[in-house]
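As structure tokens, the structure follows; a few thoughts come after it.
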Amino acid sequence: MARILITGASGLLGINLALEAMHEHEVIGIDRGKLKSAPFRVLKADVLKREEINSILDSTKSDWLINCAALANLEKCEEAPLQARILNTDLPRELANACAKRNIPFVHLSTDSVFDGTKEGTYTEEDEPSPPGMYSKTKLDGERAVQETNERAIIARVNFYGWSLGAKRSLAEFFVSNLSEGKNVNGFTDVTFCPMWVNHLAQTLLAMLEKNLSGLYHVVGTQAMSKYQFGVQIARTFGLRESLISPCSVERSSLTAKRSHNLWLSTHKLSTDLGQEIPSISTGLAEFYTQFQQGYPQKIRSYQQV
Ligand SMILES: NC(=O)c1ccc[n+]([C@@H]2O[C@H](COP(=O)([O-])OP(=O)(O)OC[C@H]3O[C@@H](n4cnc5c(N)ncnc54)[C@H](OP(=O)(O)O)[C@@H]3O)[C@@H](O)[C@H]2O)c1
């Protein structure tokens, strides 16, 4: 059993990772005031204050630190580039450094969208990134800052879905809530990605730590699909009307931040080094639906400070 410190514990990954990890580990979440009555220990702190993080690392004697804090909204990163740099580049550098000094294994979350999506076929960890916008630029700089500061760190490029505190953070929630209300939605046919159920991501990150892996990994689902196809899969899993989803191009959407068209990432390095298969999309979607049936979304939302 390890004592795991999680920054960004109120986020889509942070909360689900904390809930998954607490089955086998002791979890301490760092939060700036959004969480209440979570079933794991929560420390209110400002992650951007170096001395606060250092003192938490020392006083809690944490074994692992997983950094889930970020400015992860692409549009907000374009509007507030300085804030994006502080959270996505400077913060990971500080945390990686604090962990390196204390010899604490560190996991940093990056993104599939460091690639511009112009390659045909899959991207491996060897491919040169070419970030298309402020979010992906600051995330790539974050990866590099972590690599320079802490060579033992794990850097995971991810893309995932799950139930979130505010019920709006993931694309899957968008499809479930709109289709449930009989609303028409658009689904992009020209953005390919590899979504992973957030609990599978959490389990994989913990397995990577247990195996003492280090370096850069693509930690995404094994199946590439368009966002439209993902919506259709969600509709079928939940018994909702897939005809409400209109296939369309991302280029015609009102989104302002540039999106990459192909984010098909290879997980070959990950499955080889872990010595295990990465769970399939159908298993993830079935589990995501089981959570829904069991009232997991409401449970998650009840941890939010109102
Ligand atoms: N979601 C995806 O599919 C996806 C795809 C690619 C990469 N990623 C990466 O995965 C990681 C987790 O993403 P996510 O979707 O879980 O993000 P999220 O839901 O937006 O959560 C971000 C977390 O960061 C915290 N945070 C933001 N600004 C902060 C600040 N100024 N001070 C302290 N904490 C702050 C948030 O706290 P508050 O709740 O208080 O705002 C929240 O806990 C990120 O590194 C993201 O770049 C996510």
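By convention here, the chains of the structure tokens are called A, B, ... in the order presented, each chain's residues are numbered starting at 1, and ligands are numbered starting at 1 in the order presented.
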
Which residues of chain A sit at most 6 Å from ligand 1, using only C-alpha atoms and all ligand atoms? Give each one's shortest atom pair and distance in Å (one decimal place), in chain and ascending residue order, as CSV.
```
residue,atom,partner,partner_atom_place_in_ligand_line,distance
A:Gly8,CA,ligand 1,43 (O),3.2
A:Ala9,CA,ligand 1,43 (O),4.9
A:Ser10,CA,ligand 1,43 (O),3.9
A:Gly11,CA,ligand 1,21 (O),3.3
A:Leu12,CA,ligand 1,16 (O),3.7
A:Leu13,CA,ligand 1,16 (O),3.7
A:Gly14,CA,ligand 1,16 (O),5.7
A:Arg32,CA,ligand 1,40 (O),5.3
A:Lys34,CA,ligand 1,40 (O),5.4
A:Asp46,CA,ligand 1,33 (C),5.9
A:Val47,CA,ligand 1,33 (C),5.4
A:Cys68,CA,ligand 1,12 (C),4.5
A:Ala69,CA,ligand 1,24 (O),3.2
A:Ala70,CA,ligand 1,24 (O),4.3
A:Leu71,CA,ligand 1,27 (C),5.2
A:Ala72,CA,ligand 1,47 (O),4.5
A:Leu109,CA,ligand 1,45 (O),4.4
A:Ser110,CA,ligand 1,9 (C),5.2
A:Thr111,CA,ligand 1,7 (C),3.7
A:Asp112,CA,ligand 1,6 (C),5.8
A:Val158,CA,ligand 1,6 (C),4.8
A:Asn159,CA,ligand 1,5 (C),3.9
A:Phe160,CA,ligand 1,3 (O),4.1
A:Tyr161,CA,ligand 1,3 (O),5.9
A:Arg169,CA,ligand 1,19 (O),6.0
```

Q: Name the residues of range 122-152 of chain A that come out as alpha helix (DSSP H) in a backbone DSSP run; write them as a list in words.
A: Met134, Tyr135, Ser136, Lys137, Thr138, Lys139, Leu140, Asp141, Gly142, Glu143, Arg144, Ala145, Val146, Gln147, Glu148 and Thr149 of chain A

Could you save the residues just selected, with N, CA, C and O atoms, as a PDB file, in the first residue's frame?
```pdb
ATOM      1  N   MET A 134      -2.482  26.886 -28.010  1.00  0.00           N
ATOM      2  CA  MET A 134      -1.873  27.285 -26.739  1.00  0.00           C
ATOM      3  C   MET A 134      -1.921  26.165 -25.705  1.00  0.00           C
ATOM      4  O   MET A 134      -0.966  25.954 -24.965  1.00  0.00           O
ATOM      5  N   TYR A 135      -3.056  25.433 -25.652  1.00  0.00           N
ATOM      6  CA  TYR A 135      -3.147  24.314 -24.704  1.00  0.00           C
ATOM      7  C   TYR A 135      -2.030  23.307 -24.989  1.00  0.00           C
ATOM      8  O   TYR A 135      -1.232  22.974 -24.103  1.00  0.00           O
ATOM      9  N   SER A 136      -1.980  22.840 -26.229  1.00  0.00           N
ATOM     10  CA  SER A 136      -1.018  21.780 -26.544  1.00  0.00           C
ATOM     11  C   SER A 136       0.429  22.283 -26.480  1.00  0.00           C
ATOM     12  O   SER A 136       1.333  21.535 -26.093  1.00  0.00           O
ATOM     13  N   LYS A 137       0.647  23.561 -26.815  1.00  0.00           N
ATOM     14  CA  LYS A 137       2.013  24.121 -26.716  1.00  0.00           C
ATOM     15  C   LYS A 137       2.471  24.116 -25.268  1.00  0.00           C
ATOM     16  O   LYS A 137       3.589  23.713 -24.945  1.00  0.00           O
ATOM     17  N   THR A 138       1.594  24.596 -24.379  1.00  0.00           N
ATOM     18  CA  THR A 138       1.998  24.686 -22.969  1.00  0.00           C
ATOM     19  C   THR A 138       2.117  23.287 -22.356  1.00  0.00           C
ATOM     20  O   THR A 138       2.934  23.053 -21.480  1.00  0.00           O
ATOM     21  N   LYS A 139       1.302  22.340 -22.834  1.00  0.00           N
ATOM     22  CA  LYS A 139       1.407  20.968 -22.333  1.00  0.00           C
ATOM     23  C   LYS A 139       2.720  20.338 -22.804  1.00  0.00           C
ATOM     24  O   LYS A 139       3.390  19.640 -22.039  1.00  0.00           O
ATOM     25  N   LEU A 140       3.090  20.561 -24.061  1.00  0.00           N
ATOM     26  CA  LEU A 140       4.349  19.996 -24.555  1.00  0.00           C
ATOM     27  C   LEU A 140       5.534  20.602 -23.795  1.00  0.00           C
ATOM     28  O   LEU A 140       6.467  19.889 -23.400  1.00  0.00           O
ATOM     29  N   ASP A 141       5.479  21.904 -23.565  1.00  0.00           N
ATOM     30  CA  ASP A 141       6.547  22.538 -22.774  1.00  0.00           C
ATOM     31  C   ASP A 141       6.574  21.945 -21.365  1.00  0.00           C
ATOM     32  O   ASP A 141       7.643  21.812 -20.762  1.00  0.00           O
ATOM     33  N   GLY A 142       5.401  21.602 -20.835  1.00  0.00           N
ATOM     34  CA  GLY A 142       5.321  20.948 -19.527  1.00  0.00           C
ATOM     35  C   GLY A 142       6.021  19.594 -19.550  1.00  0.00           C
ATOM     36  O   GLY A 142       6.781  19.246 -18.640  1.00  0.00           O
ATOM     37  N   GLU A 143       5.782  18.817 -20.605  1.00  0.00           N
ATOM     38  CA  GLU A 143       6.460  17.512 -20.749  1.00  0.00           C
ATOM     39  C   GLU A 143       7.977  17.710 -20.703  1.00  0.00           C
ATOM     40  O   GLU A 143       8.698  17.008 -20.012  1.00  0.00           O
ATOM     41  N   ARG A 144       8.427  18.701 -21.497  1.00  0.00           N
ATOM     42  CA  ARG A 144       9.882  18.925 -21.607  1.00  0.00           C
ATOM     43  C   ARG A 144      10.472  19.401 -20.291  1.00  0.00           C
ATOM     44  O   ARG A 144      11.570  18.997 -19.905  1.00  0.00           O
ATOM     45  N   ALA A 145       9.717  20.254 -19.598  1.00  0.00           N
ATOM     46  CA  ALA A 145      10.191  20.749 -18.295  1.00  0.00           C
ATOM     47  C   ALA A 145      10.313  19.588 -17.309  1.00  0.00           C
ATOM     48  O   ALA A 145      11.285  19.512 -16.541  1.00  0.00           O
ATOM     49  N   VAL A 146       9.353  18.665 -17.344  1.00  0.00           N
ATOM     50  CA  VAL A 146       9.406  17.509 -16.434  1.00  0.00           C
ATOM     51  C   VAL A 146      10.589  16.615 -16.807  1.00  0.00           C
ATOM     52  O   VAL A 146      11.351  16.181 -15.934  1.00  0.00           O
ATOM     53  N   GLN A 147      10.764  16.364 -18.106  1.00  0.00           N
ATOM     54  CA  GLN A 147      11.872  15.508 -18.548  1.00  0.00           C
ATOM     55  C   GLN A 147      13.220  16.069 -18.119  1.00  0.00           C
ATOM     56  O   GLN A 147      14.107  15.332 -17.680  1.00  0.00           O
ATOM     57  N   GLU A 148      13.363  17.409 -18.246  1.00  0.00           N
ATOM     58  CA  GLU A 148      14.647  18.044 -17.885  1.00  0.00           C
ATOM     59  C   GLU A 148      14.905  17.980 -16.386  1.00  0.00           C
ATOM     60  O   GLU A 148      16.048  17.901 -15.946  1.00  0.00           O
ATOM     61  N   THR A 149      13.827  18.051 -15.603  1.00  0.00           N
ATOM     62  CA  THR A 149      13.972  18.194 -14.152  1.00  0.00           C
ATOM     63  C   THR A 149      14.020  16.859 -13.423  1.00  0.00           C
ATOM     64  O   THR A 149      14.607  16.754 -12.351  1.00  0.00           O
TER      65      THR A 149
END
```

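The space separating CA of Phe175 in chain A from CA of Ile234 in chain A comes to 7.1 Å.
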
Q: Please identify all polymer residues within 6 Å of Val219 in chain A, counting only C-alpha atoms, omitting same-chain residues fewer than 2 positions from it, and present them as an NGL selection string.
A: :A and (156-158 or 217)

Q | Lys49 in chain A surroundings by only C-alpha atoms, 12 Å radius, close-in-sequence under 3 positions cut, as number ranges by chain | A | A: 32, 45-46, 52-56, 86-87, 90-91, 94-95

Q) Using only C-alpha atoms, which residue out of A:Leu244, A:Cys99, A:Ala80, A:Ala21 lies closest to Ala207 in chain A? A)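 Checking each of A:Leu244, A:Cys99, A:Ala80, A:Ala21 against Ala207 in chain A, counting only C-alpha atoms, the winner is A:Ala21.
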
Q | Non-local contacts of Thr189 in chain A (9 Å; only C-alpha atoms; under 3 positions in same chain excluded) as a list of chain:residue names | A | A:Thr192, A:Met225, A:Ser226, A:Lys227, A:Tyr228, A:Gln229, A:Pro247, A:Cys248, A:Ser249, A:Val250

Using the selection just defined, write its residues with N, CA and C atoms as a compact mmCIF listing (two decimals), in the first residue's frame.
```
# COMPACT_ATOMS: atom_id res chain seq x y z
N THR A 192 -10.26 12.11 -35.17
CA THR A 192 -10.07 10.72 -34.74
C THR A 192 -9.29 10.73 -33.43
N MET A 225 -11.29 6.09 -33.22
CA MET A 225 -12.62 6.34 -33.81
C MET A 225 -12.85 7.85 -33.89
N SER A 226 -13.83 8.23 -34.72
CA SER A 226 -14.15 9.66 -34.78
C SER A 226 -15.01 10.02 -33.57
N LYS A 227 -15.10 11.30 -33.30
CA LYS A 227 -15.94 11.74 -32.17
C LYS A 227 -17.41 11.40 -32.46
N TYR A 228 -17.78 11.45 -33.74
CA TYR A 228 -19.14 11.04 -34.14
C TYR A 228 -19.36 9.56 -33.78
N GLN A 229 -18.40 8.71 -34.18
CA GLN A 229 -18.55 7.27 -33.88
C GLN A 229 -18.60 7.01 -32.38
N PRO A 247 -23.68 13.93 -38.11
CA PRO A 247 -22.27 13.94 -38.49
C PRO A 247 -21.89 15.30 -39.06
N CYS A 248 -20.78 15.86 -38.61
CA CYS A 248 -20.36 17.16 -39.17
C CYS A 248 -18.84 17.32 -39.02
N SER A 249 -18.34 18.38 -39.63
CA SER A 249 -16.90 18.64 -39.59
C SER A 249 -16.57 19.60 -38.44
N VAL A 250 -15.44 19.36 -37.77
CA VAL A 250 -15.00 20.27 -36.70
C VAL A 250 -14.71 21.66 -37.26
```

Q: Extract, using only C-alpha atoms, all DNA, RNA and protein residues at most 12 Å from range 293-300 of chain A, discarding same-chain residues fewer than 3 positions from it, and format them as a VMD selection string.
A: chain A and resid 9 to 19 35 to 39 162 to 168 173 176 to 177 237 to 238 286 to 290 303 to 305

Q: Please give the complete set of residues from range 93-173 of chain A that DSSP, run on the backbone, assigns to strand (DSSP E), formatted as a ChimeraX atom specification.
A: /A:106-111,154-158,160-161

Q: Identify, on the basis of only C-alpha atoms, every residue whose closest approach to Leu213 in chain A does not exceed 9 Å; exclude the query and any residue fewer than 5 positions from it along the same chain; express the result as a list in words.
A: Arg152, Ala153, Ile154, Ala207, Met208, Asp273 and Leu274 of chain A

Q: Could you check which of A:Ser214, A:Thr222, A:Thr124, A:Ser282 is closest to Arg236 in chain A, using only C-alpha atoms?
A: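 Among A:Ser214, A:Thr222, A:Thr124, A:Ser282, it is A:Ser282 that comes nearest to Arg236 in chain A.
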
Q.
Calculated over only C-alpha atoms, which of the candidates A:Glu128, A:Asp58, A:Glu151, A:Glu79 has the smallest distance to Arg93 in chain A?
A.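 Among the listed residues, the smallest separation from Arg93 in chain A belongs to A:Glu151.
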
Q) Rounded to one decimal in Å, what is the spacing between CA of Thr267 in chain A and CA of Leu216 in chain A? A)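 CA of Leu216 in chain A lies 11.3 Å from CA of Thr267 in chain A.
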
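The nearest approach to Asp190 in chain A among the residues A:Asn178, A:Ser260, A:Ser246, A:Ser130, with only C-alpha atoms taken into account, belongs to A:Ser260.
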
Q: Identify which of the residues A:Phe292, A:Trp264, A:Trp64, A:Phe230 lies closest to Thr122 in chain A, counting only C-alpha atoms when measuring atom-to-atom distances.
A: A:Trp264

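Distances from A:Lys183, A:His108, A:Arg301, A:Lys269 to Glu242 in chain A were compared using only C-alpha atoms, and the smallest one belongs to A:Lys183.
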